[in-house]
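Accompanying notes for the structure given below.
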Amino acid sequence: SKTILQINSKNDANKILNVQNIYDVQEGIVATIEPVKSKLFLRRVIAKLPLQVSYFTEGTFRYIQHYPSIAYNAAFKVISPDIYGKKIYIKFFNKNNGVLSYTSADGKARDFRFTSDEWVTLPFAELKIHVNNYAEIENQQNTVKESSLFFIINTVDQLTSDFYSRVNIKLLSEAAKTMEISFQHSNANITSDLLDTMAAEVIIFDLEKKGESAKKILAFVDTQLTFVYDRLRNSE
């Protein structure tokens with residue numbers, strides 16, 4: 001999927017005061033596109049999205065990621081960074097009880113019973129499971145294989161590295177000040193939310209850039225005024 005964005009990066013204040021050469025202010029959409037292509041900017045976008053925990057159903061041939069609607073959610077308190085990126089399987093016995101399981105580093109399966117809305121301690125994190133829609137949980141557990149539900153706790157840096165190669169930003173027209181942002185993901189809602197958030201952050205970034213330019217101009221004006229006042233005093 002893709003979105004097309006028009007950015008008016010022109011800074012008329014520079015031209016009015018004729019100070020653009022002093023600070024080498026780069027104008028035009030090209031000046032906005034280059035920073036936006038960076039991993040740092042993508043990290044800023046991902047941090048705005050509710051992607052700290054990814055929820056999946058494991059089918060016979062593929063995984064299905066549930067977003068943004070989820071049948072349950074997992075709150076967590078990190079004990080060890082080993083929690084990040086680990087598949088934690090979850091099976092519900094009923095609305096209030098179930099078991100969490102994962103494979104440890106030595107290859108052994110580890111199980112931990114949980115009660116909904118109560119903290120349970122694992123070696124690398126404390127977890128609390130809250131049920132949003134038990135009917136949907138039953139549906140998911142009954143239609144696919146045993147131990148089919150799992151979740152993964154992510155870091156923003158992990159997601160940034162994963163998503164970076166899937167994002168493409170290119171200039172469409174320098175004259176029309178338009179850029180195209182495209183992104184591919186197996187979940188259409190994640191694709192849509194990332195593109196919408198990225199478009200909004202590009203506009204915010206452009207405004208921030210103009211604000212920094214305005215601060216430099218004001219600093220320049222203050223310096224010139226001080227210089228003029230000093231000359232006037234010295235000439236008296």
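Residues in the structure tokens are named by chain (A, B, ... in the order shown) and by number from 1 within that chain; ligands are numbered from 1 in the order shown.
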
Shell around stretch 189-194 of chain A at 10 Å using only C-alpha atoms, local window under 6 positions removed, as a PyMOL selection string: chain A and resi 1-3+42+45-46+48-51+65-69+163+167+182-183+200

In stretch 8-165 of chain A, what's alpha helix (DSSP H) per DSSP? Answer as a PyMOL selection string? chain A and resi 12-17+20-23+29-36+39-46+134-143+156-164

With only C-alpha atoms as the basis for distance, which of A:Ile4, A:Leu40, A:Leu171, A:Ile129 is at the shortest distance from A:Ala71?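 Ranked by minimum distance to A:Ala71, first place goes to A:Ile129.
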
Counting only C-alpha atoms, which residues in stretch 171-204 of chain A sit no more than 10 Å from stretch 34-37 of chain A? For each one, give the nearest pair of atoms and the distance in Å, sorted by chain then residue number, as a tab-separated table.
```
residue	atom	partner	partner_atom	distance
A:Leu171	CA	A:Glu34	CA	9.9
A:Ile181	CA	A:Lys37	CA	9.7
A:Met198	CA	A:Val36	CA	9.0
A:Glu201	CA	A:Val36	CA	9.1
A:Val202	CA	A:Val36	CA	7.0
```

Residue selection dump (N, CA and C atoms) as a PDB file, in the first residue's frame:
```
ATOM      1  N   LEU A 171      10.651  10.604  -4.114  1.00  0.00           N
ATOM      2  CA  LEU A 171      10.159  11.891  -4.619  1.00  0.00           C
ATOM      3  C   LEU A 171       9.342  11.651  -5.883  1.00  0.00           C
ATOM      4  N   ILE A 181       4.978   7.403  -0.109  1.00  0.00           N
ATOM      5  CA  ILE A 181       5.428   6.506   0.948  1.00  0.00           C
ATOM      6  C   ILE A 181       4.691   5.186   0.774  1.00  0.00           C
ATOM      7  N   MET A 198       2.928   7.768   9.645  1.00  0.00           N
ATOM      8  CA  MET A 198       4.126   8.300   9.002  1.00  0.00           C
ATOM      9  C   MET A 198       3.813   9.602   8.276  1.00  0.00           C
ATOM     10  N   GLU A 201       3.550  12.287  10.851  1.00  0.00           N
ATOM     11  CA  GLU A 201       4.849  12.632  11.423  1.00  0.00           C
ATOM     12  C   GLU A 201       5.719  13.413  10.441  1.00  0.00           C
ATOM     13  N   VAL A 202       5.563  13.152   9.145  1.00  0.00           N
ATOM     14  CA  VAL A 202       6.298  13.929   8.141  1.00  0.00           C
ATOM     15  C   VAL A 202       5.878  15.396   8.214  1.00  0.00           C
TER      16      VAL A 202
END
```

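Of the residues listed (A:Ser38, A:Gln52, A:Asn97, A:Thr178), A:Thr178 shows the shortest atom-to-atom separation from A:Leu5; distances use only C-alpha atoms.
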
Point-to-point distance from atom CA of A:Asn8 to atom CA of A:Asn168, Å rounded to tenths: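 Value for the atom CA of A:Asn8-atom CA of A:Asn168 distance: 20.6 Å.
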